[in-house]
Amino acid sequence: MSTVAVAWDDRGLVPVVVQDRLTGEVRMVAWANQAALRHTEETRQATFWSRSRGELWVKGATSGHTMAVQEILVDCDGDTLLYLVDPAGPSCHTGTPSCFFRPLHDGEARASRAPFLSTLTEEITARRHATSAKSYVKSLLEGGAEKIGAKVREEADEFVRAVAGETDERVSSEGADLLFHTLVGLESRGLDVRSVLEVLAKRFGTSGHVEKASREKP
Ligand SMILES: [Zn+2]
């Protein structure tokens, strides 16, 4: 097994982008030196070099919001790493899932900050707790498994009819309805789309072990 050379900068560091391996959400960016990378590979816990404290920093060591590293990638010219992780809890110290929640310019579309399915899941959760009486999602959730179940069956039926003989637009539209109501069903049980992606990833054989991204000597 050959190892890709990491192009450490003149401080012996490289930036590390951290991405949720299932949702694709970019969680944070931090720095690693060789010791941080080695520690990450050995423990599978995302570890960085804190430039402000001048010490190794195991993400979540104090907050409990750790990141289990499943794979490490190196970019084309070797000067940036990508950790693909399963995050436990929010990744930002502000309590948000990702550090990237601020649009550069005020008034930019809020929905663009996270992968769309994650944003949609958050929106469904938010509507559950909405105070306005007129939320469709809220009424479904209040109707419980029976009401949601009836809707999922109806949408599944419309979807398979579309697949069998309707236009591509109809298939996409009914697929969207089915997926949306499936998300509502998950929400009714306090689950999110990530739990489903996790099952799919397991079934389709992601190896889930840390690649040996760097074994070079200083
Ligand atoms: Zn942050």
# chains A, B, ... in the order shown; residues from 1 in each chain; ligands from 1
>>> residues_around(residues="Leu82 of chain A", least_positions_apart="6", cutoff="8 Å", atoms="only C-alpha atoms", output="list of chain:residue names")
A:Val16, A:Val17, A:Val18, A:Gln19, A:Ile72, A:Leu73, A:Val74, A:Asp75
>>> write_last_selection(atoms="C-alpha atoms", output="compact mmCIF listing (two decimals), in the first residue's frame")
# COMPACT_ATOMS: atom_id res chain seq x y z
CA VAL A 16 -8.33 19.63 7.44
CA VAL A 17 -11.85 19.84 6.07
CA VAL A 18 -14.30 17.71 8.05
CA GLN A 19 -17.33 16.34 6.24
CA ILE A 72 -9.07 10.27 5.32
CA LEU A 73 -8.53 11.73 1.86
CA VAL A 74 -5.71 13.93 0.59
CA ASP A 75 -6.37 16.52 -2.09
>>> residues_near_ligand(ligand="ligand 1", cutoff="12 Å", atoms="only C-alpha atoms and all ligand atoms", output="JSON, numbers by chain")
{"A": [18, 26, 27, 28, 29, 30, 59, 90, 91, 92, 93, 94, 95, 96, 97, 98, 99, 100, 101, 102]}
>>> write_last_selection(atoms="N, CA and C atoms", output="PDB file, in the first residue's frame")
ATOM      1  N   VAL A  18     -13.584  18.839   7.445  1.00  0.00           N
ATOM      2  CA  VAL A  18     -14.301  17.711   8.049  1.00  0.00           C
ATOM      3  C   VAL A  18     -15.712  17.660   7.468  1.00  0.00           C
ATOM      4  N   VAL A  26     -20.445  19.811   5.233  1.00  0.00           N
ATOM      5  CA  VAL A  26     -19.135  20.249   5.697  1.00  0.00           C
ATOM      6  C   VAL A  26     -19.311  20.744   7.129  1.00  0.00           C
ATOM      7  N   ARG A  27     -18.584  20.145   8.063  1.00  0.00           N
ATOM      8  CA  ARG A  27     -18.781  20.433   9.476  1.00  0.00           C
ATOM      9  C   ARG A  27     -17.869  21.529  10.008  1.00  0.00           C
ATOM     10  N   MET A  28     -16.608  21.460   9.640  1.00  0.00           N
ATOM     11  CA  MET A  28     -15.647  22.430  10.169  1.00  0.00           C
ATOM     12  C   MET A  28     -14.345  22.326   9.394  1.00  0.00           C
ATOM     13  N   VAL A  29     -13.469  23.286   9.641  1.00  0.00           N
ATOM     14  CA  VAL A  29     -12.116  23.240   9.102  1.00  0.00           C
ATOM     15  C   VAL A  29     -11.170  23.530  10.260  1.00  0.00           C
ATOM     16  N   ALA A  30     -10.120  22.728  10.372  1.00  0.00           N
ATOM     17  CA  ALA A  30      -9.130  22.958  11.428  1.00  0.00           C
ATOM     18  C   ALA A  30      -7.761  22.575  10.873  1.00  0.00           C
ATOM     19  N   LYS A  59     -11.051  16.409  19.100  1.00  0.00           N
ATOM     20  CA  LYS A  59     -12.367  17.033  18.994  1.00  0.00           C
ATOM     21  C   LYS A  59     -13.365  16.325  19.922  1.00  0.00           C
ATOM     22  N   PRO A  90     -23.397  18.333  17.739  1.00  0.00           N
ATOM     23  CA  PRO A  90     -22.988  19.469  16.918  1.00  0.00           C
ATOM     24  C   PRO A  90     -21.467  19.597  16.852  1.00  0.00           C
ATOM     25  N   SER A  91     -20.983  20.139  15.754  1.00  0.00           N
ATOM     26  CA  SER A  91     -19.531  20.245  15.597  1.00  0.00           C
ATOM     27  C   SER A  91     -18.991  21.615  15.961  1.00  0.00           C
ATOM     28  N   CYS A  92     -19.837  22.639  15.916  1.00  0.00           N
ATOM     29  CA  CYS A  92     -19.354  23.987  16.214  1.00  0.00           C
ATOM     30  C   CYS A  92     -19.485  24.294  17.700  1.00  0.00           C
ATOM     31  N   HIS A  93     -18.535  25.085  18.205  1.00  0.00           N
ATOM     32  CA  HIS A  93     -18.590  25.439  19.633  1.00  0.00           C
ATOM     33  C   HIS A  93     -19.803  26.304  19.958  1.00  0.00           C
ATOM     34  N   THR A  94     -20.459  26.882  18.905  1.00  0.00           N
ATOM     35  CA  THR A  94     -21.655  27.688  19.143  1.00  0.00           C
ATOM     36  C   THR A  94     -22.893  26.802  19.329  1.00  0.00           C
ATOM     37  N   GLY A  95     -22.725  25.500  19.076  1.00  0.00           N
ATOM     38  CA  GLY A  95     -23.852  24.583  19.240  1.00  0.00           C
ATOM     39  C   GLY A  95     -24.567  24.241  17.953  1.00  0.00           C
ATOM     40  N   THR A  96     -24.130  24.829  16.831  1.00  0.00           N
ATOM     41  CA  THR A  96     -24.743  24.474  15.546  1.00  0.00           C
ATOM     42  C   THR A  96     -24.031  23.242  14.980  1.00  0.00           C
ATOM     43  N   PRO A  97     -24.746  22.470  14.142  1.00  0.00           N
ATOM     44  CA  PRO A  97     -24.135  21.254  13.598  1.00  0.00           C
ATOM     45  C   PRO A  97     -22.836  21.542  12.858  1.00  0.00           C
ATOM     46  N   SER A  98     -22.863  22.613  12.035  1.00  0.00           N
ATOM     47  CA  SER A  98     -21.692  22.952  11.236  1.00  0.00           C
ATOM     48  C   SER A  98     -21.205  24.341  11.602  1.00  0.00           C
ATOM     49  N   CYS A  99     -19.906  24.580  11.448  1.00  0.00           N
ATOM     50  CA  CYS A  99     -19.367  25.931  11.659  1.00  0.00           C
ATOM     51  C   CYS A  99     -19.836  26.889  10.568  1.00  0.00           C
ATOM     52  N   PHE A 100     -20.278  26.335   9.437  1.00  0.00           N
ATOM     53  CA  PHE A 100     -20.627  27.196   8.301  1.00  0.00           C
ATOM     54  C   PHE A 100     -22.129  27.478   8.273  1.00  0.00           C
ATOM     55  N   PHE A 101     -22.538  28.415   9.116  1.00  0.00           N
ATOM     56  CA  PHE A 101     -23.961  28.773   9.145  1.00  0.00           C
ATOM     57  C   PHE A 101     -24.190  30.251   8.858  1.00  0.00           C
ATOM     58  N   ARG A 102     -23.114  30.992   8.572  1.00  0.00           N
ATOM     59  CA  ARG A 102     -23.273  32.420   8.308  1.00  0.00           C
ATOM     60  C   ARG A 102     -23.073  32.721   6.839  1.00  0.00           C
TER      61      ARG A 102
END
>>> residues_around(residues="Val85 of chain A", least_positions_apart="3", cutoff="9 Å", atoms="only C-alpha atoms", output="PyMOL selection string")
chain A and resi 18-22+45-46+67-72
>>> write_last_selection(atoms="C-alpha atoms", output="compact mmCIF listing (two decimals), in the first residue's frame")
# COMPACT_ATOMS: atom_id res chain seq x y z
CA VAL A 18 -14.30 17.71 8.05
CA GLN A 19 -17.33 16.34 6.24
CA ASP A 20 -20.24 14.19 7.42
CA ARG A 21 -19.64 10.98 5.47
CA LEU A 22 -23.38 10.35 5.01
CA GLN A 45 -11.13 10.17 16.69
CA ALA A 46 -10.74 13.42 14.75
CA MET A 67 -16.12 12.75 15.42
CA ALA A 68 -15.45 9.15 14.45
CA VAL A 69 -13.22 9.26 11.38
CA GLN A 70 -14.15 6.68 8.77
CA GLU A 71 -11.79 7.72 6.02
CA ILE A 72 -9.07 10.27 5.32
>>> residues_around(residues="Val193 of chain A", least_positions_apart="3", cutoff="7 Å", atoms="only C-alpha atoms", output="list in words")
Thr121, Leu183, Val196 and Leu197 of chain A
>>> write_last_selection(atoms="N, CA and C atoms", output="compact mmCIF listing (two decimals), in the first residue's frame")
# COMPACT_ATOMS: atom_id res chain seq x y z
N THR A 121 -34.98 18.24 6.69
CA THR A 121 -35.25 17.55 7.96
C THR A 121 -35.39 18.55 9.11
N LEU A 183 -39.95 11.28 5.48
CA LEU A 183 -39.23 12.12 6.44
C LEU A 183 -40.13 12.51 7.61
N VAL A 196 -31.34 6.79 8.24
CA VAL A 196 -31.66 5.95 7.08
C VAL A 196 -30.42 5.80 6.18
N LEU A 197 -29.71 6.92 5.98
CA LEU A 197 -28.49 6.87 5.17
C LEU A 197 -27.47 5.93 5.78
>>> atom_distance(atom1="atom CA of Pro103 of chain A", atom2="atom CA of Glu123 of chain A")
18.1 Å
>>> closest_residue(among="A:Leu56, A:Arg51, A:Thr80, A:Thr43", to="Asp9 of chain A", atoms="only C-alpha atoms")
A:Thr80
>>> atom_distance(atom1="atom CA of Thr131 of chain A", atom2="atom CA of Gly185 of chain A")
20.3 Å
>>> select_by_dssp(residues="segment 97-194 of chain A", states="helix (DSSP H, G or I)", output="ChimeraX atom specification")
/A:110-113,116-128,136-165,168-188,193-194
>>> select_by_dssp(residues="chain A", states="strand (DSSP E)", output="ChimeraX atom specification")
/A:14-20,26-32,47-50,55-58,67-74,81-87
>>> write_last_selection(atoms="N, CA and C atoms", output="short mmCIF file (atom, residue, chain, number, x, y, z; two decimals), in the first residue's frame")
data_model
loop_
_atom_site.label_atom_id
_atom_site.label_comp_id
_atom_site.auth_asym_id
_atom_site.auth_seq_id
_atom_site.Cartn_x
_atom_site.Cartn_y
_atom_site.Cartn_z
N VAL A 14 -1.27 21.21 7.94
CA VAL A 14 -2.16 21.26 6.77
C VAL A 14 -3.58 21.52 7.27
N PRO A 15 -4.38 22.24 6.46
CA PRO A 15 -5.79 22.39 6.85
C PRO A 15 -6.54 21.07 6.65
N VAL A 16 -7.50 20.84 7.53
CA VAL A 16 -8.33 19.63 7.44
C VAL A 16 -9.80 20.07 7.31
N VAL A 17 -10.41 19.62 6.23
CA VAL A 17 -11.85 19.84 6.07
C VAL A 17 -12.54 18.62 6.64
N VAL A 18 -13.58 18.84 7.45
CA VAL A 18 -14.30 17.71 8.05
C VAL A 18 -15.71 17.66 7.47
N GLN A 19 -16.05 16.49 6.91
CA GLN A 19 -17.33 16.34 6.24
C GLN A 19 -18.09 15.14 6.82
N ASP A 20 -19.38 15.31 7.02
CA ASP A 20 -20.24 14.19 7.42
C ASP A 20 -20.24 13.18 6.28
N VAL A 26 -20.44 19.81 5.23
CA VAL A 26 -19.14 20.25 5.70
C VAL A 26 -19.31 20.74 7.13
N ARG A 27 -18.58 20.14 8.06
CA ARG A 27 -18.78 20.43 9.48
C ARG A 27 -17.87 21.53 10.01
N MET A 28 -16.61 21.46 9.64
CA MET A 28 -15.65 22.43 10.17
C MET A 28 -14.34 22.33 9.39
N VAL A 29 -13.47 23.29 9.64
CA VAL A 29 -12.12 23.24 9.10
C VAL A 29 -11.17 23.53 10.26
N ALA A 30 -10.12 22.73 10.37
CA ALA A 30 -9.13 22.96 11.43
C ALA A 30 -7.76 22.58 10.87
N TRP A 31 -6.75 22.56 11.72
CA TRP A 31 -5.40 22.25 11.27
C TRP A 31 -4.89 20.97 11.88
N ALA A 32 -4.03 20.28 11.13
CA ALA A 32 -3.38 19.09 11.68
C ALA A 32 -1.88 19.17 11.44
N THR A 47 -8.63 14.40 15.35
CA THR A 47 -7.67 15.11 16.20
C THR A 47 -6.99 16.20 15.38
N PHE A 48 -6.82 17.35 15.99
CA PHE A 48 -6.25 18.49 15.28
C PHE A 48 -5.10 19.08 16.10
N TRP A 49 -4.46 20.09 15.48
CA TRP A 49 -3.46 20.87 16.20
C TRP A 49 -4.07 22.23 16.48
N SER A 50 -4.21 22.58 17.75
CA SER A 50 -4.75 23.89 18.10
C SER A 50 -3.64 24.92 18.00
N GLU A 55 -1.33 22.92 21.17
CA GLU A 55 -1.36 21.52 21.63
C GLU A 55 -2.32 20.68 20.78
N LEU A 56 -2.16 19.35 20.90
CA LEU A 56 -3.07 18.45 20.20
C LEU A 56 -4.46 18.64 20.79
N TRP A 57 -5.44 18.50 19.93
CA TRP A 57 -6.82 18.77 20.32
C TRP A 57 -7.68 17.65 19.76
N VAL A 58 -8.13 16.76 20.65
CA VAL A 58 -9.06 15.70 20.24
C VAL A 58 -10.45 16.30 20.26
N MET A 67 -15.91 13.08 16.82
CA MET A 67 -16.12 12.75 15.42
C MET A 67 -15.35 11.47 15.12
N ALA A 68 -16.09 10.41 14.80
CA ALA A 68 -15.45 9.15 14.45
C ALA A 68 -15.03 9.21 12.98
N VAL A 69 -13.74 9.11 12.75
CA VAL A 69 -13.22 9.26 11.38
C VAL A 69 -13.28 7.93 10.65
N GLN A 70 -14.00 7.92 9.55
CA GLN A 70 -14.15 6.68 8.77
C GLN A 70 -13.14 6.58 7.65
N GLU A 71 -12.73 7.73 7.14
CA GLU A 71 -11.79 7.72 6.02
C GLU A 71 -11.08 9.06 5.95
N ILE A 72 -9.83 9.03 5.47
CA ILE A 72 -9.07 10.27 5.32
C ILE A 72 -8.63 10.38 3.86
N LEU A 73 -8.95 11.49 3.25
CA LEU A 73 -8.53 11.73 1.86
C LEU A 73 -7.55 12.89 1.83
N VAL A 74 -6.69 12.86 0.81
CA VAL A 74 -5.71 13.93 0.59
C VAL A 74 -6.05 14.58 -0.74
N LEU A 81 -6.28 18.02 3.83
CA LEU A 81 -6.85 16.71 4.15
C LEU A 81 -8.36 16.84 4.28
N LEU A 82 -9.03 15.71 4.05
CA LEU A 82 -10.47 15.63 4.26
C LEU A 82 -10.74 14.45 5.20
N TYR A 83 -11.35 14.73 6.34
CA TYR A 83 -11.80 13.67 7.24
C TYR A 83 -13.27 13.41 6.95
N LEU A 84 -13.61 12.18 6.64
CA LEU A 84 -15.02 11.79 6.48
C LEU A 84 -15.45 11.16 7.79
N VAL A 85 -16.45 11.76 8.43
CA VAL A 85 -16.74 11.40 9.83
C VAL A 85 -18.21 11.06 10.08
N ASP A 86 -18.42 10.36 11.21
CA ASP A 86 -19.73 10.25 11.84
C ASP A 86 -19.67 11.16 13.06
N PRO A 87 -20.33 12.33 13.00
CA PRO A 87 -20.23 13.25 14.13
C PRO A 87 -21.21 12.89 15.25
#
>>> atom_distance(atom1="atom CA of Thr66 of chain A", atom2="atom CA of Trp8 of chain A")
24.8 Å
>>> closest_residue(among="A:Val152, A:Gly89, A:Gly24, A:Ser2", to="Phe180 of chain A", atoms="only C-alpha atoms")
A:Val152
>>> residues_around(residues="Ala162 of chain A", least_positions_apart="2", cutoff="12 Å", atoms="only C-alpha atoms", output="number ranges by chain")
A: 155-160, 164-178
